[in-house]
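To be precise, the following lines are protein-v9.pdb, and they hold PDB, C-alpha atoms.
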ATOM      1  CA  VAL A1354     148.080 -54.662  16.737  1.00  0.00           C
ATOM      2  CA  GLY A1355     148.396 -58.262  17.839  1.00  0.00           C
ATOM      3  CA  THR A1356     147.742 -60.917  20.414  1.00  0.00           C
ATOM      4  CA  PRO A1357     149.543 -61.708  23.706  1.00  0.00           C
ATOM      5  CA  GLU A1358     152.745 -63.640  23.122  1.00  0.00           C
ATOM      6  CA  VAL A1359     152.787 -67.183  24.466  1.00  0.00           C
ATOM      7  CA  SER A1360     156.091 -69.018  25.064  1.00  0.00           C
ATOM      8  CA  GLY A1361     156.758 -71.675  22.433  1.00  0.00           C
ATOM      9  CA  ASN A1362     154.342 -70.253  19.872  1.00  0.00           C
ATOM     10  CA  THR A1363     155.549 -68.855  16.538  1.00  0.00           C
ATOM     11  CA  TYR A1364     154.077 -65.802  14.889  1.00  0.00           C
ATOM     12  CA  ASN A1365     154.102 -64.663  11.294  1.00  0.00           C
ATOM     13  CA  TRP A1366     152.318 -61.638   9.850  1.00  0.00           C
ATOM     14  CA  LEU A1367     151.010 -62.615   6.403  1.00  0.00           C
ATOM     15  CA  THR A1368     150.709 -58.957   5.403  1.00  0.00           C
ATOM     16  CA  PRO A1369     154.114 -57.610   6.530  1.00  0.00           C
ATOM     17  CA  ALA A1370     154.173 -54.251   4.657  1.00  0.00           C
ATOM     18  CA  GLY A1371     154.198 -51.424   7.186  1.00  0.00           C
ATOM     19  CA  LEU A1372     154.681 -53.622  10.278  1.00  0.00           C
ATOM     20  CA  SER A1373     157.472 -53.029  12.798  1.00  0.00           C
ATOM     21  CA  CYS A1374     158.065 -56.769  13.379  1.00  0.00           C
ATOM     22  CA  VAL A1375     156.903 -59.598  11.107  1.00  0.00           C
ATOM     23  CA  ASN A1376     157.557 -62.444  13.597  1.00  0.00           C
ATOM     24  CA  CYS A1377     156.169 -60.868  16.774  1.00  0.00           C
ATOM     25  CA  ALA A1378     152.775 -61.269  18.372  1.00  0.00           C
ATOM     26  CA  ASN A1379     152.542 -57.481  18.792  1.00  0.00           C
ATOM     27  CA  ALA A1380     153.612 -55.070  16.069  1.00  0.00           C
ATOM     28  CA  THR A1381     153.127 -51.440  15.139  1.00  0.00           C
ATOM     29  CA  TYR A1382     151.506 -50.801  11.764  1.00  0.00           C
ATOM     30  CA  THR A1383     152.369 -47.690   9.740  1.00  0.00           C
ATOM     31  CA  PRO A1384     150.404 -47.326   6.504  1.00  0.00           C
ATOM     32  CA  GLY A1385     152.358 -46.608   3.326  1.00  0.00           C
ATOM     33  CA  PRO A1386     151.692 -43.694   0.980  1.00  0.00           C
ATOM     34  CA  ASP A1387     149.610 -45.938  -1.308  1.00  0.00           C
ATOM     35  CA  VAL A1388     146.937 -46.424   1.403  1.00  0.00           C
ATOM     36  CA  LYS A1389     144.129 -43.960   0.689  1.00  0.00           C
ATOM     37  CA  PRO A1390     142.159 -42.180   3.459  1.00  0.00           C
ATOM     38  CA  GLY A1391     139.136 -44.233   4.461  1.00  0.00           C
ATOM     39  CA  GLU A1392     140.528 -47.420   2.844  1.00  0.00           C
ATOM     40  CA  LEU A1393     140.035 -50.613   4.846  1.00  0.00           C
ATOM     41  CA  VAL A1394     143.337 -52.432   5.548  1.00  0.00           C
ATOM     42  CA  THR A1395     143.281 -56.077   6.698  1.00  0.00           C
ATOM     43  CA  LEU A1396     146.282 -57.431   8.614  1.00  0.00           C
ATOM     44  CA  VAL A1397     146.570 -61.174   9.150  1.00  0.00           C
ATOM     45  CA  LEU A1398     148.624 -62.771  11.933  1.00  0.00           C
ATOM     46  CA  GLU A1399     149.334 -66.498  11.784  1.00  0.00           C
ATOM     47  CA  GLU A1400     150.013 -68.121  15.158  1.00  0.00           C
ATOM     48  CA  LYS A1401     151.361 -71.682  15.351  1.00  0.00           C
ATOM     49  CA  ALA A1402     151.375 -73.747  18.540  1.00  0.00           C
ATOM     50  CA  GLY A1403     152.084 -77.459  18.411  1.00  0.00           C
ATOM     51  CA  GLY A1404     150.096 -78.839  15.473  1.00  0.00           C
ATOM     52  CA  CYS A1405     147.545 -76.010  15.434  1.00  0.00           C
ATOM     53  CA  THR A1406     147.522 -72.856  13.322  1.00  0.00           C
ATOM     54  CA  ILE A1407     145.297 -69.898  14.141  1.00  0.00           C
ATOM     55  CA  GLU A1408     144.797 -66.949  11.797  1.00  0.00           C
ATOM     56  CA  ARG A1409     143.798 -63.664  13.385  1.00  0.00           C
ATOM     57  CA  LYS A1410     142.485 -60.850  11.178  1.00  0.00           C
ATOM     58  CA  PHE A1411     142.630 -57.181  12.121  1.00  0.00           C
ATOM     59  CA  GLU A1412     140.703 -54.680  10.012  1.00  0.00           C
ATOM     60  CA  ILE A1413     141.848 -51.072  10.312  1.00  0.00           C
ATOM     61  CA  GLN A1414     140.298 -47.997   8.766  1.00  0.00           C
ATOM     62  CA  PHE A1415     141.904 -44.657   9.414  1.00  0.00           C
ATOM     63  CA  GLY A1416     142.380 -41.184   8.026  1.00  0.00           C
ATOM     64  CA  GLY A1417     138.937 -41.023   6.499  1.00  0.00           C
ATOM     65  CA  SER A1418     137.828 -38.187   4.299  1.00  0.00           C
ATOM     66  CA  PHE A1419     135.733 -36.196   6.756  1.00  0.00           C
ATOM     67  CA  GLY A1420     134.037 -32.882   6.260  1.00  0.00           C
ATOM     68  CA  ILE A1421     131.606 -31.808   3.606  1.00  0.00           C
ATOM     69  CA  GLU A1422     130.006 -34.127   1.060  1.00  0.00           C
ATOM     70  CA  SER A1423     128.423 -31.418  -1.124  1.00  0.00           C
ATOM     71  CA  ASP A1424     130.132 -30.091  -4.236  1.00  0.00           C
ATOM     72  CA  SER A1425     130.503 -26.416  -5.061  1.00  0.00           C
ATOM     73  CA  THR A1426     127.381 -25.155  -6.780  1.00  0.00           C
ATOM     74  CA  ILE A1427     125.815 -22.121  -8.416  1.00  0.00           C
ATOM     75  CA  VAL A1428     122.180 -21.157  -7.806  1.00  0.00           C
ATOM     76  CA  CYS A1429     119.896 -18.306  -8.686  1.00  0.00           C
ATOM     77  CA  GLU A1430     119.120 -15.731  -6.022  1.00  0.00           C
ATOM     78  CA  GLY A1431     116.300 -16.954  -3.789  1.00  0.00           C
ATOM     79  CA  GLU A1432     116.881 -20.673  -4.417  1.00  0.00           C
ATOM     80  CA  PRO A1433     117.583 -22.916  -1.415  1.00  0.00           C
ATOM     81  CA  VAL A1434     120.718 -25.084  -1.250  1.00  0.00           C
ATOM     82  CA  THR A1435     121.202 -28.180   0.924  1.00  0.00           C
ATOM     83  CA  LEU A1436     124.744 -28.767   2.188  1.00  0.00           C
ATOM     84  CA  GLU A1437     125.667 -32.173   3.619  1.00  0.00           C
ATOM     85  CA  ALA A1438     128.499 -33.067   5.982  1.00  0.00           C
ATOM     86  CA  THR A1439     130.033 -36.521   6.496  1.00  0.00           C
ATOM     87  CA  ALA A1440     127.595 -38.807   8.321  1.00  0.00           C
ATOM     88  CA  GLY A1441     128.360 -40.386  11.692  1.00  0.00           C
ATOM     89  CA  GLY A1442     129.557 -37.316  13.559  1.00  0.00           C
ATOM     90  CA  THR A1443     128.536 -36.460  17.093  1.00  0.00           C
ATOM     91  CA  LEU A1444     128.817 -32.701  16.518  1.00  0.00           C
ATOM     92  CA  TYR A1445     128.577 -30.516  13.411  1.00  0.00           C
ATOM     93  CA  ASN A1446     129.718 -26.895  13.490  1.00  0.00           C
ATOM     94  CA  TRP A1447     128.765 -24.950  10.346  1.00  0.00           C
ATOM     95  CA  ALA A1448     130.156 -21.512   9.469  1.00  0.00           C
ATOM     96  CA  GLY A1449     129.379 -19.017   6.728  1.00  0.00           C
ATOM     97  CA  PRO A1450     127.289 -15.913   6.009  1.00  0.00           C
ATOM     98  CA  GLY A1451     123.911 -15.996   7.731  1.00  0.00           C
ATOM     99  CA  ILE A1452     124.662 -19.158   9.740  1.00  0.00           C
ATOM    100  CA  SER A1453     124.509 -19.196  13.498  1.00  0.00           C
ATOM    101  CA  ASN A1454     124.460 -22.190  15.823  1.00  0.00           C
ATOM    102  CA  GLN A1455     123.795 -24.829  13.144  1.00  0.00           C
ATOM    103  CA  THR A1456     124.747 -28.265  14.487  1.00  0.00           C
ATOM    104  CA  GLN A1457     123.011 -30.765  12.167  1.00  0.00           C
ATOM    105  CA  GLN A1458     124.519 -32.949   9.427  1.00  0.00           C
ATOM    106  CA  LEU A1459     122.329 -31.272   6.769  1.00  0.00           C
ATOM    107  CA  LEU A1460     122.179 -27.510   6.363  1.00  0.00           C
ATOM    108  CA  VAL A1461     119.604 -25.746   4.177  1.00  0.00           C
ATOM    109  CA  ILE A1462     120.560 -22.200   3.231  1.00  0.00           C
ATOM    110  CA  GLN A1463     119.091 -19.550   0.955  1.00  0.00           C
ATOM    111  CA  PRO A1464     122.118 -17.386   0.212  1.00  0.00           C
ATOM    112  CA  SER A1465     121.765 -13.868  -1.150  1.00  0.00           C
ATOM    113  CA  ASN A1466     125.434 -13.596  -2.198  1.00  0.00           C
ATOM    114  CA  SER A1467     128.200 -15.957  -3.292  1.00  0.00           C
ATOM    115  CA  ALA A1468     130.230 -17.281  -0.349  1.00  0.00           C
ATOM    116  CA  ASN A1469     132.229 -20.142   1.136  1.00  0.00           C
ATOM    117  CA  TYR A1470     130.590 -22.357   3.767  1.00  0.00           C
ATOM    118  CA  SER A1471     132.515 -24.710   6.041  1.00  0.00           C
ATOM    119  CA  VAL A1472     131.821 -27.429   8.579  1.00  0.00           C
ATOM    120  CA  THR A1473     133.864 -29.071  11.322  1.00  0.00           C
ATOM    121  CA  VAL A1474     132.669 -32.588  12.159  1.00  0.00           C
ATOM    122  CA  THR A1475     133.545 -34.174  15.503  1.00  0.00           C
ATOM    123  CA  PHE A1476     133.372 -37.958  15.772  1.00  0.00           C
ATOM    124  CA  ALA A1477     133.223 -40.282  18.779  1.00  0.00           C
ATOM    125  CA  GLY A1478     136.704 -40.522  20.232  1.00  0.00           C
ATOM    126  CA  GLY A1479     137.456 -36.874  19.473  1.00  0.00           C
ATOM    127  CA  CYS A1480     138.639 -37.084  15.848  1.00  0.00           C
ATOM    128  CA  THR A1481     137.624 -34.071  13.772  1.00  0.00           C
ATOM    129  CA  GLY A1482     137.458 -33.289  10.104  1.00  0.00           C
ATOM    130  CA  THR A1483     136.756 -30.078   8.250  1.00  0.00           C
ATOM    131  CA  GLY A1484     135.598 -29.209   4.792  1.00  0.00           C
ATOM    132  CA  SER A1485     134.361 -26.258   2.822  1.00  0.00           C
ATOM    133  CA  VAL A1486     132.301 -25.604  -0.257  1.00  0.00           C
ATOM    134  CA  PHE A1487     131.663 -22.563  -2.454  1.00  0.00           C
ATOM    135  CA  VAL A1488     128.082 -21.550  -3.229  1.00  0.00           C
ATOM    136  CA  GLY A1489     127.796 -19.091  -6.104  1.00  0.00           C
ATOM    137  CA  VAL A1490     124.667 -16.955  -6.405  1.00  0.00           C
ATOM    138  CA  ARG A1491     123.497 -15.448  -9.666  1.00  0.00           C
ATOM    139  CA  PRO A1492     121.397 -12.332  -9.107  1.00  0.00           C
ATOM    140  CA  ALA A1493     117.763 -12.465 -10.188  1.00  0.00           C
ATOM    141  CA  SER A1494     116.638  -9.910 -12.764  1.00  0.00           C
ATOM    142  CA  LYS A1495     113.467  -7.974 -12.084  1.00  0.00           C
ATOM    143  CA  ILE A1496     111.471  -5.954 -14.583  1.00  0.00           C
ATOM    144  CA  GLN A1497     108.852  -3.467 -13.422  1.00  0.00           C
ATOM    145  CA  LEU A1498     106.098  -2.987 -16.006  1.00  0.00           C
ATOM    146  CA  PRO A1499     103.949   0.136 -16.068  1.00  0.00           C
ATOM    147  CA  THR A1500     100.525   0.135 -14.417  1.00  0.00           C
ATOM    148  CA  LEU A1501      97.670  -0.406 -16.851  1.00  0.00           C
ATOM    149  CA  THR A1502      94.302   1.224 -16.351  1.00  0.00           C
ATOM    150  CA  THR A1503      91.110   0.314 -18.168  1.00  0.00           C
ATOM    151  CA  CYS A1504      87.398   0.495 -17.688  1.00  0.00           C
ATOM    152  CA  GLU A1505      85.073  -2.438 -17.270  1.00  0.00           C
ATOM    153  CA  GLY A1506      84.134  -3.802 -20.671  1.00  0.00           C
ATOM    154  CA  ASN A1507      87.289  -2.406 -22.336  1.00  0.00           C
ATOM    155  CA  PRO A1508      89.794  -5.289 -22.258  1.00  0.00           C
ATOM    156  CA  VAL A1509      93.534  -4.653 -22.517  1.00  0.00           C
ATOM    157  CA  SER A1510      96.496  -6.912 -23.244  1.00  0.00           C
ATOM    158  CA  VAL A1511      98.312  -7.850 -20.050  1.00  0.00           C
ATOM    159  CA  LEU A1512     101.445  -9.923 -20.645  1.00  0.00           C
ATOM    160  CA  GLY A1513      99.955 -11.324 -23.855  1.00  0.00           C
ATOM    161  CA  GLN A1514      96.553 -12.040 -22.329  1.00  0.00           C
ATOM    162  CA  ILE A1515      93.423  -9.967 -23.128  1.00  0.00           C
ATOM    163  CA  THR A1516      91.452  -9.186 -19.976  1.00  0.00           C
ATOM    164  CA  ASP A1517      89.285  -6.581 -18.235  1.00  0.00           C
ATOM    165  CA  VAL A1518      89.570  -8.240 -14.792  1.00  0.00           C
ATOM    166  CA  PRO A1519      91.429  -6.083 -12.263  1.00  0.00           C
ATOM    167  CA  GLY A1520      94.322  -7.597 -10.340  1.00  0.00           C
ATOM    168  CA  MET A1521      98.055  -8.179 -10.123  1.00  0.00           C
ATOM    169  CA  TYR A1522      99.546 -10.104 -13.048  1.00  0.00           C
ATOM    170  CA  THR A1523     102.953 -11.807 -12.957  1.00  0.00           C
ATOM    171  CA  LEU A1524     105.023 -13.580 -15.584  1.00  0.00           C
ATOM    172  CA  SER A1525     108.176 -15.440 -14.586  1.00  0.00           C
ATOM    173  CA  LEU A1526     110.901 -15.695 -17.208  1.00  0.00           C
ATOM    174  CA  GLN A1527     114.109 -17.702 -17.110  1.00  0.00           C
ATOM    175  CA  LYS A1528     117.415 -16.425 -18.483  1.00  0.00           C
ATOM    176  CA  VAL A1529     119.303 -18.581 -20.967  1.00  0.00           C
ATOM    177  CA  THR A1530     122.012 -18.990 -18.291  1.00  0.00           C
ATOM    178  CA  GLY A1531     119.481 -20.469 -15.889  1.00  0.00           C
TER
END

Spit out the file's structure as structure tokens when you get a sec.
Amino acid sequence: VGTPEVSGNTYNWLTPAGLSCVNCANATYTPGPDVKPGELVTLVLEEKAGGCTIERKFEIQFGGSFGIESDSTIVCEGEPVTLEATAGGTLYNWAGPGISNQTQQLLVIQPSNSANYSVTVTFAGGCTGTGSVFVGVRPASKIQLPTLTTCEGNPVSVLGQITDVPGMYTLSLQKVTG
């Protein structure tokens, strides 16, 4: 990071932590352990020449948290789930049961069993990040009721409803656990 050195000019980095040289026009910056991934770091170089002072600011963001944005989740069998990877990638490579050749940032799945899903995100410049998420699936319960037969004009109770109209009747119930 820095600017070309000019003879007679003086240089002073105003944010010296992590710099290889605090009085040089060019310095190498190494972030400390307190710098979090994705955090924006601003380095300021003060250059003095004659009676003039120039401040140059360098903003650096590195080591971002790349991969999957979705949290682990539990769904009922048959429910769709949308998984989301970090935005801004040039290529998304999803992996998991039932997935083939999925290259979009968003992935909609309808899992039949609990499983881990992962994504590798490639960004411009070749940086990659990976992430994974667990999707739990609760099995759906199905109850088969006996067939009812009646004659026209002789209504019967079907799922709590009195009717003599032929047809298929369905009642959806939800377990206490969801």

Where's the centre, and what are the edge lengths in Å to one decimal, of a box along x, y and z enclosing all listed atoms of segment 1362-1380 of chain A padded 8 Å per side, as JSON?
{"center_x": 154.4, "center_y": -60.8, "center_z": 12.3, "size_x": 23.4, "size_y": 34.8, "size_z": 31.2}

Practice prompt. For the structure shown, which residues end up in the PyMOL selection byres ((chain A and resi 1522) around 8)? Put them as a ChimeraX atom specification, please?
Written response: /A:1511-1512,1520-1521,1523-1524

Write a file of the selected residues as a compact mmCIF listing (two decimals), in the frame of the given file, keeping C-alpha atoms.
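So out_9.txt came out as:
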# COMPACT_ATOMS: atom_id res chain seq x y z
CA VAL A 1511 98.31 -7.85 -20.05
CA LEU A 1512 101.44 -9.92 -20.64
CA GLY A 1520 94.32 -7.60 -10.34
CA MET A 1521 98.06 -8.18 -10.12
CA THR A 1523 102.95 -11.81 -12.96
CA LEU A 1524 105.02 -13.58 -15.58

Discussion item. I need the output of the PyMOL selection byres ((chain A and resi 1503) around 10) for this file as a PyMOL selection string; which residues are they?
Written reply: chain A and resi 1501-1502+1504-1509+1516-1519

Discussion item. Please report the interatomic distance between atom CA of Asn1466 of chain A and atom CA of Thr1439 of chain A in Å with one decimal.
Written reply: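 These atoms are spaced 24.9 Å apart.
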
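Atom pair atom CA of Val1474 of chain A / atom CA of Asp1387 of chain A: separated by 25.4 Å.
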
Item to complete: Go through A:Ile1452, A:Val1461, A:Ile1427, A:Ile1413 one by one, measure the shortest atom-to-atom distance of each to Val1488 of chain A using all atoms listed in the file, and give the residue with the smallest value.
Response: A:Ile1427

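For the pair atom CA of Lys1495 of chain A and atom CA of Cys1429 of chain A, the interatomic distance is 12.6 Å.
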
Practice prompt. Using only C-alpha atoms, pick whichever of A:Ile1462, A:Ile1407, A:Ala1378, A:Ile1515 has the shortest atom-to-atom distance to Val1490 of chain A.
Written response: A:Ile1462

Item to complete: Quick one: everything within 9 Å of Asn1365 of chain A, counting all atoms listed in the file, minus sequence neighbours fewer than 6 positions away in the same chain. Send it as number ranges by chain.
Response: A: 1375-1378, 1397-1401

With the input short on atoms, add all heavy atoms back to segment 1440-1451 of chain A and write it as an mmCIF file, in the frame of the given file.
data_model
loop_
_atom_site.group_PDB
_atom_site.id
_atom_site.type_symbol
_atom_site.label_atom_id
_atom_site.label_comp_id
_atom_site.auth_asym_id
_atom_site.auth_seq_id
_atom_site.Cartn_x
_atom_site.Cartn_y
_atom_site.Cartn_z
ATOM 1 N N ALA A 1440 128.485 -38.181 7.337
ATOM 2 C CA ALA A 1440 127.595 -38.807 8.321
ATOM 3 C C ALA A 1440 128.399 -39.446 9.448
ATOM 4 O O ALA A 1440 129.577 -39.756 9.286
ATOM 5 C CB ALA A 1440 126.722 -39.857 7.645
ATOM 6 N N GLY A 1441 127.755 -39.665 10.580
ATOM 7 C CA GLY A 1441 128.360 -40.386 11.692
ATOM 8 C C GLY A 1441 129.012 -39.522 12.741
ATOM 9 O O GLY A 1441 129.548 -40.028 13.716
ATOM 10 N N GLY A 1442 128.968 -38.214 12.576
ATOM 11 C CA GLY A 1442 129.557 -37.316 13.559
ATOM 12 C C GLY A 1442 128.682 -37.177 14.790
ATOM 13 O O GLY A 1442 127.486 -37.465 14.768
ATOM 14 N N THR A 1443 129.292 -36.741 15.870
ATOM 15 C CA THR A 1443 128.536 -36.460 17.093
ATOM 16 C C THR A 1443 128.250 -34.968 17.226
ATOM 17 O O THR A 1443 127.383 -34.576 17.981
ATOM 18 C CB THR A 1443 129.304 -36.945 18.337
ATOM 19 O OG1 THR A 1443 130.594 -36.313 18.353
ATOM 20 C CG2 THR A 1443 129.477 -38.456 18.317
ATOM 21 N N LEU A 1444 129.003 -34.149 16.477
ATOM 22 C CA LEU A 1444 128.817 -32.701 16.518
ATOM 23 C C LEU A 1444 129.183 -32.114 15.165
ATOM 24 O O LEU A 1444 130.196 -32.483 14.576
ATOM 25 C CB LEU A 1444 129.695 -32.075 17.609
ATOM 26 C CG LEU A 1444 129.639 -30.555 17.748
ATOM 27 C CD1 LEU A 1444 128.244 -30.109 18.182
ATOM 28 C CD2 LEU A 1444 130.675 -30.077 18.735
ATOM 29 N N TYR A 1445 128.340 -31.210 14.680
ATOM 30 C CA TYR A 1445 128.577 -30.516 13.411
ATOM 31 C C TYR A 1445 128.581 -29.026 13.706
ATOM 32 O O TYR A 1445 127.659 -28.519 14.330
ATOM 33 C CB TYR A 1445 127.478 -30.837 12.394
ATOM 34 C CG TYR A 1445 127.431 -32.299 12.037
ATOM 35 C CD1 TYR A 1445 126.673 -33.191 12.776
ATOM 36 C CD2 TYR A 1445 128.153 -32.787 10.965
ATOM 37 C CE1 TYR A 1445 126.643 -34.540 12.453
ATOM 38 C CE2 TYR A 1445 128.130 -34.135 10.634
ATOM 39 C CZ TYR A 1445 127.360 -34.999 11.382
ATOM 40 O OH TYR A 1445 127.337 -36.323 11.060
ATOM 41 N N ASN A 1446 129.618 -28.332 13.254
ATOM 42 C CA ASN A 1446 129.718 -26.895 13.490
ATOM 43 C C ASN A 1446 129.883 -26.200 12.137
ATOM 44 O O ASN A 1446 130.964 -26.196 11.562
ATOM 45 C CB ASN A 1446 130.896 -26.592 14.416
ATOM 46 C CG ASN A 1446 130.947 -25.148 14.825
ATOM 47 O OD1 ASN A 1446 129.982 -24.413 14.632
ATOM 48 N ND2 ASN A 1446 132.058 -24.722 15.381
ATOM 49 N N TRP A 1447 128.781 -25.617 11.635
ATOM 50 C CA TRP A 1447 128.765 -24.950 10.346
ATOM 51 C C TRP A 1447 129.153 -23.490 10.496
ATOM 52 O O TRP A 1447 128.841 -22.860 11.498
ATOM 53 C CB TRP A 1447 127.374 -25.021 9.727
ATOM 54 C CG TRP A 1447 126.985 -26.385 9.255
ATOM 55 C CD1 TRP A 1447 126.292 -27.330 9.958
ATOM 56 C CD2 TRP A 1447 127.262 -26.970 7.982
ATOM 57 N NE1 TRP A 1447 126.120 -28.458 9.200
ATOM 58 C CE2 TRP A 1447 126.702 -28.263 7.984
ATOM 59 C CE3 TRP A 1447 127.925 -26.525 6.848
ATOM 60 C CZ2 TRP A 1447 126.789 -29.111 6.882
ATOM 61 C CZ3 TRP A 1447 128.008 -27.360 5.753
ATOM 62 C CH2 TRP A 1447 127.443 -28.642 5.772
ATOM 63 N N ALA A 1448 129.794 -22.930 9.472
ATOM 64 C CA ALA A 1448 130.156 -21.512 9.469
ATOM 65 C C ALA A 1448 129.970 -20.954 8.065
ATOM 66 O O ALA A 1448 130.177 -21.651 7.072
ATOM 67 C CB ALA A 1448 131.605 -21.323 9.916
ATOM 68 N N GLY A 1449 129.573 -19.705 7.998
ATOM 69 C CA GLY A 1449 129.379 -19.017 6.728
ATOM 70 C C GLY A 1449 128.393 -17.884 6.916
ATOM 71 O O GLY A 1449 127.771 -17.755 7.974
ATOM 72 N N PRO A 1450 128.207 -17.048 5.905
ATOM 73 C CA PRO A 1450 127.289 -15.913 6.009
ATOM 74 C C PRO A 1450 125.865 -16.351 6.346
ATOM 75 O O PRO A 1450 125.333 -17.273 5.728
ATOM 76 C CB PRO A 1450 127.332 -15.279 4.621
ATOM 77 C CG PRO A 1450 128.581 -15.778 3.993
ATOM 78 C CD PRO A 1450 128.863 -17.106 4.606
ATOM 79 N N GLY A 1451 125.298 -15.722 7.349
ATOM 80 C CA GLY A 1451 123.911 -15.996 7.731
ATOM 81 C C GLY A 1451 123.708 -17.255 8.548
ATOM 82 O O GLY A 1451 122.577 -17.639 8.819
#
